[in-house]
$ cat upload-v6.cif   # mmCIF, N, CA and C atoms
data_model
loop_
_atom_site.group_PDB
_atom_site.id
_atom_site.type_symbol
_atom_site.label_atom_id
_atom_site.label_comp_id
_atom_site.auth_asym_id
_atom_site.auth_seq_id
_atom_site.Cartn_x
_atom_site.Cartn_y
_atom_site.Cartn_z
ATOM 1 N N MET A 27 0.844 -1.170 0.000
ATOM 2 C CA MET A 27 0.000 0.000 0.000
ATOM 3 C C MET A 27 0.893 1.239 0.000
ATOM 4 N N VAL A 28 0.541 2.158 -0.822
ATOM 5 C CA VAL A 28 1.230 3.443 -0.876
ATOM 6 C C VAL A 28 0.366 4.442 -0.129
ATOM 7 N N ASN A 29 0.998 5.295 0.666
ATOM 8 C CA ASN A 29 0.204 6.340 1.297
ATOM 9 C C ASN A 29 0.789 7.704 0.984
ATOM 10 N N LYS A 30 -0.078 8.672 0.943
ATOM 11 C CA LYS A 30 0.306 10.049 0.636
ATOM 12 C C LYS A 30 0.107 10.932 1.855
ATOM 13 N N LEU A 31 0.311 10.321 3.016
ATOM 14 C CA LEU A 31 0.065 11.025 4.267
ATOM 15 C C LEU A 31 0.979 12.231 4.433
ATOM 16 N N LYS A 32 2.265 12.039 4.259
ATOM 17 C CA LYS A 32 3.208 13.139 4.475
ATOM 18 C C LYS A 32 2.908 14.299 3.534
ATOM 19 N N GLN A 33 2.696 14.007 2.251
ATOM 20 C CA GLN A 33 2.422 15.071 1.291
ATOM 21 C C GLN A 33 1.123 15.802 1.641
ATOM 22 N N SER A 34 0.099 15.059 1.981
ATOM 23 C CA SER A 34 -1.193 15.653 2.316
ATOM 24 C C SER A 34 -1.104 16.478 3.593
ATOM 25 N N ARG A 35 -0.358 15.987 4.549
ATOM 26 C CA ARG A 35 -0.179 16.705 5.806
ATOM 27 C C ARG A 35 0.550 18.020 5.570
ATOM 28 N N GLU A 36 1.603 17.967 4.751
ATOM 29 C CA GLU A 36 2.371 19.177 4.463
ATOM 30 C C GLU A 36 1.557 20.191 3.659
ATOM 31 N N ILE A 37 0.738 19.725 2.730
ATOM 32 C CA ILE A 37 -0.125 20.628 1.962
ATOM 33 C C ILE A 37 -1.071 21.375 2.903
ATOM 34 N N ASN A 38 -1.560 20.670 3.918
ATOM 35 C CA ASN A 38 -2.475 21.264 4.892
ATOM 36 C C ASN A 38 -1.747 22.020 6.001
ATOM 37 N N GLN A 39 -0.422 22.053 5.931
ATOM 38 C CA GLN A 39 0.418 22.747 6.904
ATOM 39 C C GLN A 39 0.116 22.302 8.336
ATOM 40 N N ILE A 40 0.067 20.983 8.506
ATOM 41 C CA ILE A 40 -0.169 20.376 9.813
ATOM 42 C C ILE A 40 1.073 19.569 10.179
ATOM 43 N N THR A 41 1.565 19.761 11.376
ATOM 44 C CA THR A 41 2.728 18.996 11.826
ATOM 45 C C THR A 41 2.301 17.574 12.210
ATOM 46 N N GLN A 42 3.280 16.716 12.340
ATOM 47 C CA GLN A 42 2.993 15.350 12.784
ATOM 48 C C GLN A 42 2.345 15.372 14.162
ATOM 49 N N GLU A 43 2.841 16.219 15.034
ATOM 50 C CA GLU A 43 2.302 16.319 16.391
ATOM 51 C C GLU A 43 0.856 16.805 16.371
ATOM 52 N N GLN A 44 0.564 17.805 15.558
ATOM 53 C CA GLN A 44 -0.804 18.327 15.469
ATOM 54 C C GLN A 44 -1.763 17.256 14.953
ATOM 55 N N LEU A 45 -1.355 16.560 13.898
ATOM 56 C CA LEU A 45 -2.199 15.515 13.340
ATOM 57 C C LEU A 45 -2.430 14.410 14.369
ATOM 58 N N ALA A 46 -1.382 14.032 15.049
ATOM 59 C CA ALA A 46 -1.497 12.993 16.072
ATOM 60 C C ALA A 46 -2.518 13.384 17.134
ATOM 61 N N GLN A 47 -2.452 14.620 17.595
ATOM 62 C CA GLN A 47 -3.402 15.088 18.609
ATOM 63 C C GLN A 47 -4.823 15.109 18.068
ATOM 64 N N LEU A 48 -4.987 15.536 16.826
ATOM 65 C CA LEU A 48 -6.322 15.633 16.233
ATOM 66 C C LEU A 48 -6.999 14.275 16.052
ATOM 67 N N VAL A 49 -6.195 13.238 15.803
ATOM 68 C CA VAL A 49 -6.785 11.911 15.572
ATOM 69 C C VAL A 49 -6.615 10.968 16.769
ATOM 70 N N GLY A 50 -5.958 11.436 17.824
ATOM 71 C CA GLY A 50 -5.872 10.659 19.053
ATOM 72 C C GLY A 50 -4.839 9.554 19.090
ATOM 73 N N VAL A 51 -3.700 9.786 18.439
ATOM 74 C CA VAL A 51 -2.601 8.813 18.484
ATOM 75 C C VAL A 51 -1.309 9.547 18.829
ATOM 76 N N SER A 52 -0.223 8.806 18.950
ATOM 77 C CA SER A 52 1.074 9.421 19.233
ATOM 78 C C SER A 52 1.712 9.925 17.937
ATOM 79 N N ARG A 53 2.646 10.837 18.103
ATOM 80 C CA ARG A 53 3.410 11.328 16.946
ATOM 81 C C ARG A 53 4.160 10.169 16.296
ATOM 82 N N GLN A 54 4.639 9.244 17.097
ATOM 83 C CA GLN A 54 5.362 8.082 16.570
ATOM 84 C C GLN A 54 4.480 7.250 15.654
ATOM 85 N N SER A 55 3.194 7.157 15.968
ATOM 86 C CA SER A 55 2.264 6.422 15.094
ATOM 87 C C SER A 55 2.173 7.094 13.727
ATOM 88 N N ILE A 56 2.097 8.413 13.720
ATOM 89 C CA ILE A 56 2.023 9.150 12.453
ATOM 90 C C ILE A 56 3.310 8.937 11.659
ATOM 91 N N ILE A 57 4.444 9.005 12.333
ATOM 92 C CA ILE A 57 5.736 8.771 11.675
ATOM 93 C C ILE A 57 5.766 7.374 11.059
ATOM 94 N N SER A 58 5.326 6.376 11.816
ATOM 95 C CA SER A 58 5.338 4.990 11.329
ATOM 96 C C SER A 58 4.420 4.801 10.126
ATOM 97 N N ILE A 59 3.275 5.453 10.140
ATOM 98 C CA ILE A 59 2.362 5.369 8.994
ATOM 99 C C ILE A 59 2.992 6.033 7.779
ATOM 100 N N GLU A 60 3.557 7.224 7.971
ATOM 101 C CA GLU A 60 4.189 7.932 6.851
ATOM 102 C C GLU A 60 5.305 7.120 6.216
ATOM 103 N N LYS A 61 6.057 6.411 7.029
ATOM 104 C CA LYS A 61 7.176 5.607 6.521
ATOM 105 C C LYS A 61 6.733 4.258 5.973
ATOM 106 N N GLY A 62 5.459 3.927 6.129
ATOM 107 C CA GLY A 62 4.958 2.654 5.626
ATOM 108 C C GLY A 62 5.263 1.473 6.527
ATOM 109 N N HIS A 63 5.637 1.737 7.775
ATOM 110 C CA HIS A 63 5.956 0.664 8.713
ATOM 111 C C HIS A 63 4.718 0.165 9.451
ATOM 112 N N TYR A 64 3.660 0.955 9.401
ATOM 113 C CA TYR A 64 2.442 0.617 10.139
ATOM 114 C C TYR A 64 1.228 0.954 9.282
ATOM 115 N N LEU A 65 0.304 0.018 9.188
ATOM 116 C CA LEU A 65 -0.951 0.258 8.477
ATOM 117 C C LEU A 65 -1.997 0.682 9.492
ATOM 118 N N PRO A 66 -2.603 1.833 9.295
ATOM 119 C CA PRO A 66 -3.598 2.292 10.263
ATOM 120 C C PRO A 66 -4.862 1.441 10.220
ATOM 121 N N THR A 67 -5.576 1.422 11.319
ATOM 122 C CA THR A 67 -6.879 0.764 11.333
ATOM 123 C C THR A 67 -7.801 1.560 10.410
ATOM 124 N N SER A 68 -8.900 0.968 10.046
ATOM 125 C CA SER A 68 -9.841 1.680 9.171
ATOM 126 C C SER A 68 -10.377 2.936 9.857
ATOM 127 N N VAL A 69 -10.615 2.869 11.151
ATOM 128 C CA VAL A 69 -11.117 4.042 11.874
ATOM 129 C C VAL A 69 -10.068 5.152 11.875
ATOM 130 N N LEU A 70 -8.826 4.811 12.142
ATOM 131 C CA LEU A 70 -7.762 5.809 12.143
ATOM 132 C C LEU A 70 -7.567 6.396 10.747
ATOM 133 N N ALA A 71 -7.590 5.561 9.730
ATOM 134 C CA ALA A 71 -7.458 6.047 8.350
ATOM 135 C C ALA A 71 -8.585 7.020 8.011
ATOM 136 N N LEU A 72 -9.797 6.719 8.449
ATOM 137 C CA LEU A 72 -10.932 7.615 8.208
ATOM 138 C C LEU A 72 -10.762 8.935 8.945
ATOM 139 N N LYS A 73 -10.280 8.889 10.179
ATOM 140 C CA LYS A 73 -10.046 10.120 10.938
ATOM 141 C C LYS A 73 -9.006 10.993 10.240
ATOM 142 N N ILE A 74 -7.914 10.361 9.807
ATOM 143 C CA ILE A 74 -6.843 11.103 9.132
ATOM 144 C C ILE A 74 -7.368 11.736 7.851
ATOM 145 N N SER A 75 -8.102 10.983 7.055
ATOM 146 C CA SER A 75 -8.623 11.522 5.793
ATOM 147 C C SER A 75 -9.593 12.669 6.050
ATOM 148 N N PHE A 76 -10.383 12.587 7.118
ATOM 149 C CA PHE A 76 -11.309 13.660 7.465
ATOM 150 C C PHE A 76 -10.548 14.927 7.848
ATOM 151 N N VAL A 77 -9.545 14.786 8.697
ATOM 152 C CA VAL A 77 -8.759 15.941 9.148
ATOM 153 C C VAL A 77 -8.029 16.598 7.982
ATOM 154 N N LEU A 78 -7.486 15.779 7.085
ATOM 155 C CA LEU A 78 -6.710 16.313 5.964
ATOM 156 C C LEU A 78 -7.571 16.677 4.757
ATOM 157 N N LYS A 79 -8.876 16.424 4.868
ATOM 158 C CA LYS A 79 -9.830 16.770 3.805
ATOM 159 C C LYS A 79 -9.441 16.139 2.468
ATOM 160 N N ILE A 80 -9.185 14.829 2.533
ATOM 161 C CA ILE A 80 -8.828 14.078 1.333
ATOM 162 C C ILE A 80 -9.566 12.737 1.387
ATOM 163 N N LYS A 81 -9.989 12.268 0.241
ATOM 164 C CA LYS A 81 -10.662 10.971 0.191
ATOM 165 C C LYS A 81 -9.694 9.893 0.658
ATOM 166 N N ILE A 82 -10.226 8.955 1.413
ATOM 167 C CA ILE A 82 -9.385 7.892 1.963
ATOM 168 C C ILE A 82 -8.694 7.100 0.851
ATOM 169 N N GLU A 83 -9.394 6.889 -0.275
ATOM 170 C CA GLU A 83 -8.781 6.121 -1.370
ATOM 171 C C GLU A 83 -7.704 6.914 -2.106
ATOM 172 N N ASP A 84 -7.668 8.239 -1.916
ATOM 173 C CA ASP A 84 -6.590 9.053 -2.473
ATOM 174 C C ASP A 84 -5.412 9.139 -1.502
ATOM 175 N N LEU A 85 -5.690 8.923 -0.244
ATOM 176 C CA LEU A 85 -4.664 8.987 0.788
ATOM 177 C C LEU A 85 -3.919 7.658 0.922
ATOM 178 N N PHE A 86 -4.666 6.569 0.883
ATOM 179 C CA PHE A 86 -4.091 5.224 0.995
ATOM 180 C C PHE A 86 -4.450 4.444 -0.265
ATOM 181 N N VAL A 87 -3.452 4.145 -1.068
ATOM 182 C CA VAL A 87 -3.665 3.548 -2.380
ATOM 183 C C VAL A 87 -3.169 2.107 -2.407
ATOM 184 N N LEU A 88 -4.071 1.180 -2.714
ATOM 185 C CA LEU A 88 -3.676 -0.219 -2.831
ATOM 186 C C LEU A 88 -2.868 -0.428 -4.115
ATOM 187 N N GLU A 89 -1.850 -1.255 -4.001
ATOM 188 C CA GLU A 89 -1.045 -1.630 -5.153
ATOM 189 C C GLU A 89 -1.445 -3.040 -5.573
ATOM 190 N N GLU A 90 -1.058 -3.407 -6.757
ATOM 191 C CA GLU A 90 -1.408 -4.742 -7.265
ATOM 192 C C GLU A 90 -0.898 -5.842 -6.337
ATOM 193 N N THR A 91 0.279 -5.641 -5.766
ATOM 194 C CA THR A 91 0.855 -6.659 -4.883
ATOM 195 C C THR A 91 0.061 -6.835 -3.581
ATOM 196 N N ASP A 92 -0.752 -5.849 -3.235
ATOM 197 C CA ASP A 92 -1.579 -5.965 -2.025
ATOM 198 C C ASP A 92 -2.697 -6.980 -2.193
ATOM 199 N N TRP A 93 -2.991 -7.353 -3.411
ATOM 200 C CA TRP A 93 -4.066 -8.308 -3.690
ATOM 201 C C TRP A 93 -3.574 -9.741 -3.632
ATOM 202 N N LYS A 94 -2.281 -9.947 -3.549
ATOM 203 C CA LYS A 94 -1.723 -11.301 -3.574
ATOM 204 C C LYS A 94 -1.519 -11.843 -2.193
#
$ encode --input "upload-v6.cif" --output "structure tokens"
Amino acid sequence: MVNKLKQSREINQITQEQLAQLVGVSRQSIISIEKGHYLPTSVLALKISFVLKIKIEDLFVLEETDWK
């Protein structure tokens, strides 16, 4: 899965710490998601997409290899 979290966050001029507080997780969780080390739960992904005002399917993009 490819995510556009960092780019979307920067476009919205929100720091990792601010986003973490807004969605109720630690800054480390946001860092891990941005680096692709952690896949957010569906609820967390929805919260992030709501805060960043981006469709969830534009924020988290499945790749062909994710289907295998």
$ resolve_selection --input "upload-v6.cif" --expression "the PyMOL selection byres (((chain A and resi 58-72 and name CA) around 9) and name CA)" --output "ChimeraX atom specification"
/A:27-32,49-51,53-57,73-77,81-82,85-86
$ atom_distance --input "upload-v6.cif" --atom1 "atom CA of Gln39 of chain A" --atom2 "atom CA of Leu88 of chain A"
25.3 Å
$ select_by_dssp --input "upload-v6.cif" --residues "chain A" --states "alpha helix (DSSP H)" --output "ChimeraX atom specification"
/A:31-37,42-49,53-60,68-78,82-85
$ atom_distance --input "upload-v6.cif" --atom1 "atom CA of Ser34 of chain A" --atom2 "atom CA of Ala46 of chain A"
14.0 Å
$ atom_distance --input "upload-v6.cif" --atom1 "atom N of Ser52 of chain A" --atom2 "atom CA of Gln33 of chain A"
18.9 Å
$ build_atoms --input "upload-v6.cif" --residues "segment 65-76 of chain A" --atoms "all heavy atoms" --output "tab-separated table (two decimals), keeping the file's coordinate frame"
chain	number	residue	atom	x	y	z
A	65	LEU	N	0.30	0.02	9.19
A	65	LEU	CA	-0.95	0.26	8.48
A	65	LEU	C	-2.00	0.68	9.49
A	65	LEU	O	-2.24	-0.04	10.46
A	65	LEU	CB	-1.41	-1.00	7.75
A	65	LEU	CG	-0.53	-1.50	6.61
A	65	LEU	CD1	-1.08	-2.81	6.07
A	65	LEU	CD2	-0.45	-0.46	5.52
A	66	PRO	N	-2.60	1.83	9.30
A	66	PRO	CA	-3.60	2.29	10.26
A	66	PRO	C	-4.86	1.44	10.22
A	66	PRO	O	-5.18	0.83	9.20
A	66	PRO	CB	-3.89	3.72	9.81
A	66	PRO	CG	-3.62	3.71	8.35
A	66	PRO	CD	-2.47	2.75	8.16
A	67	THR	N	-5.58	1.42	11.32
A	67	THR	CA	-6.88	0.76	11.33
A	67	THR	C	-7.80	1.56	10.41
A	67	THR	O	-7.51	2.71	10.06
A	67	THR	CB	-7.49	0.76	12.75
A	67	THR	OG1	-7.72	2.12	13.15
A	67	THR	CG2	-6.57	0.05	13.74
A	68	SER	N	-8.90	0.97	10.05
A	68	SER	CA	-9.84	1.68	9.17
A	68	SER	C	-10.38	2.94	9.86
A	68	SER	O	-10.53	3.98	9.21
A	68	SER	CB	-10.98	0.76	8.73
A	68	SER	OG	-11.62	0.20	9.85
A	69	VAL	N	-10.62	2.87	11.15
A	69	VAL	CA	-11.12	4.04	11.87
A	69	VAL	C	-10.07	5.15	11.88
A	69	VAL	O	-10.39	6.32	11.62
A	69	VAL	CB	-11.52	3.67	13.32
A	69	VAL	CG1	-11.85	4.90	14.13
A	69	VAL	CG2	-12.70	2.71	13.31
A	70	LEU	N	-8.83	4.81	12.14
A	70	LEU	CA	-7.76	5.81	12.14
A	70	LEU	C	-7.57	6.40	10.75
A	70	LEU	O	-7.41	7.61	10.59
A	70	LEU	CB	-6.45	5.21	12.67
A	70	LEU	CG	-5.25	6.15	12.69
A	70	LEU	CD1	-5.55	7.43	13.47
A	70	LEU	CD2	-4.04	5.43	13.27
A	71	ALA	N	-7.59	5.56	9.73
A	71	ALA	CA	-7.46	6.05	8.35
A	71	ALA	C	-8.59	7.02	8.01
A	71	ALA	O	-8.36	8.06	7.37
A	71	ALA	CB	-7.44	4.88	7.38
A	72	LEU	N	-9.80	6.72	8.45
A	72	LEU	CA	-10.93	7.62	8.21
A	72	LEU	C	-10.76	8.94	8.94
A	72	LEU	O	-11.05	10.01	8.39
A	72	LEU	CB	-12.24	6.95	8.62
A	72	LEU	CG	-12.74	5.85	7.68
A	72	LEU	CD1	-13.83	5.03	8.36
A	72	LEU	CD2	-13.25	6.45	6.39
A	73	LYS	N	-10.28	8.89	10.18
A	73	LYS	CA	-10.05	10.12	10.94
A	73	LYS	C	-9.01	10.99	10.24
A	73	LYS	O	-9.18	12.20	10.11
A	73	LYS	CB	-9.57	9.80	12.36
A	73	LYS	CG	-10.63	9.25	13.27
A	73	LYS	CD	-10.02	8.95	14.64
A	73	LYS	CE	-11.00	8.38	15.61
A	73	LYS	NZ	-10.36	8.10	16.93
A	74	ILE	N	-7.91	10.36	9.81
A	74	ILE	CA	-6.84	11.10	9.13
A	74	ILE	C	-7.37	11.74	7.85
A	74	ILE	O	-7.11	12.92	7.58
A	74	ILE	CB	-5.64	10.19	8.84
A	74	ILE	CG1	-4.96	9.78	10.15
A	74	ILE	CG2	-4.64	10.87	7.91
A	74	ILE	CD1	-3.92	8.67	10.00
A	75	SER	N	-8.10	10.98	7.06
A	75	SER	CA	-8.62	11.52	5.79
A	75	SER	C	-9.59	12.67	6.05
A	75	SER	O	-9.62	13.64	5.31
A	75	SER	CB	-9.27	10.42	4.95
A	75	SER	OG	-10.46	9.96	5.55
A	76	PHE	N	-10.38	12.59	7.12
A	76	PHE	CA	-11.31	13.66	7.46
A	76	PHE	C	-10.55	14.93	7.85
A	76	PHE	O	-10.85	16.01	7.36
A	76	PHE	CB	-12.23	13.23	8.61
A	76	PHE	CG	-13.20	14.28	9.04
A	76	PHE	CD1	-14.37	14.48	8.33
A	76	PHE	CD2	-12.95	15.06	10.16
A	76	PHE	CE1	-15.27	15.47	8.72
A	76	PHE	CE2	-13.83	16.04	10.56
A	76	PHE	CZ	-14.99	16.25	9.83
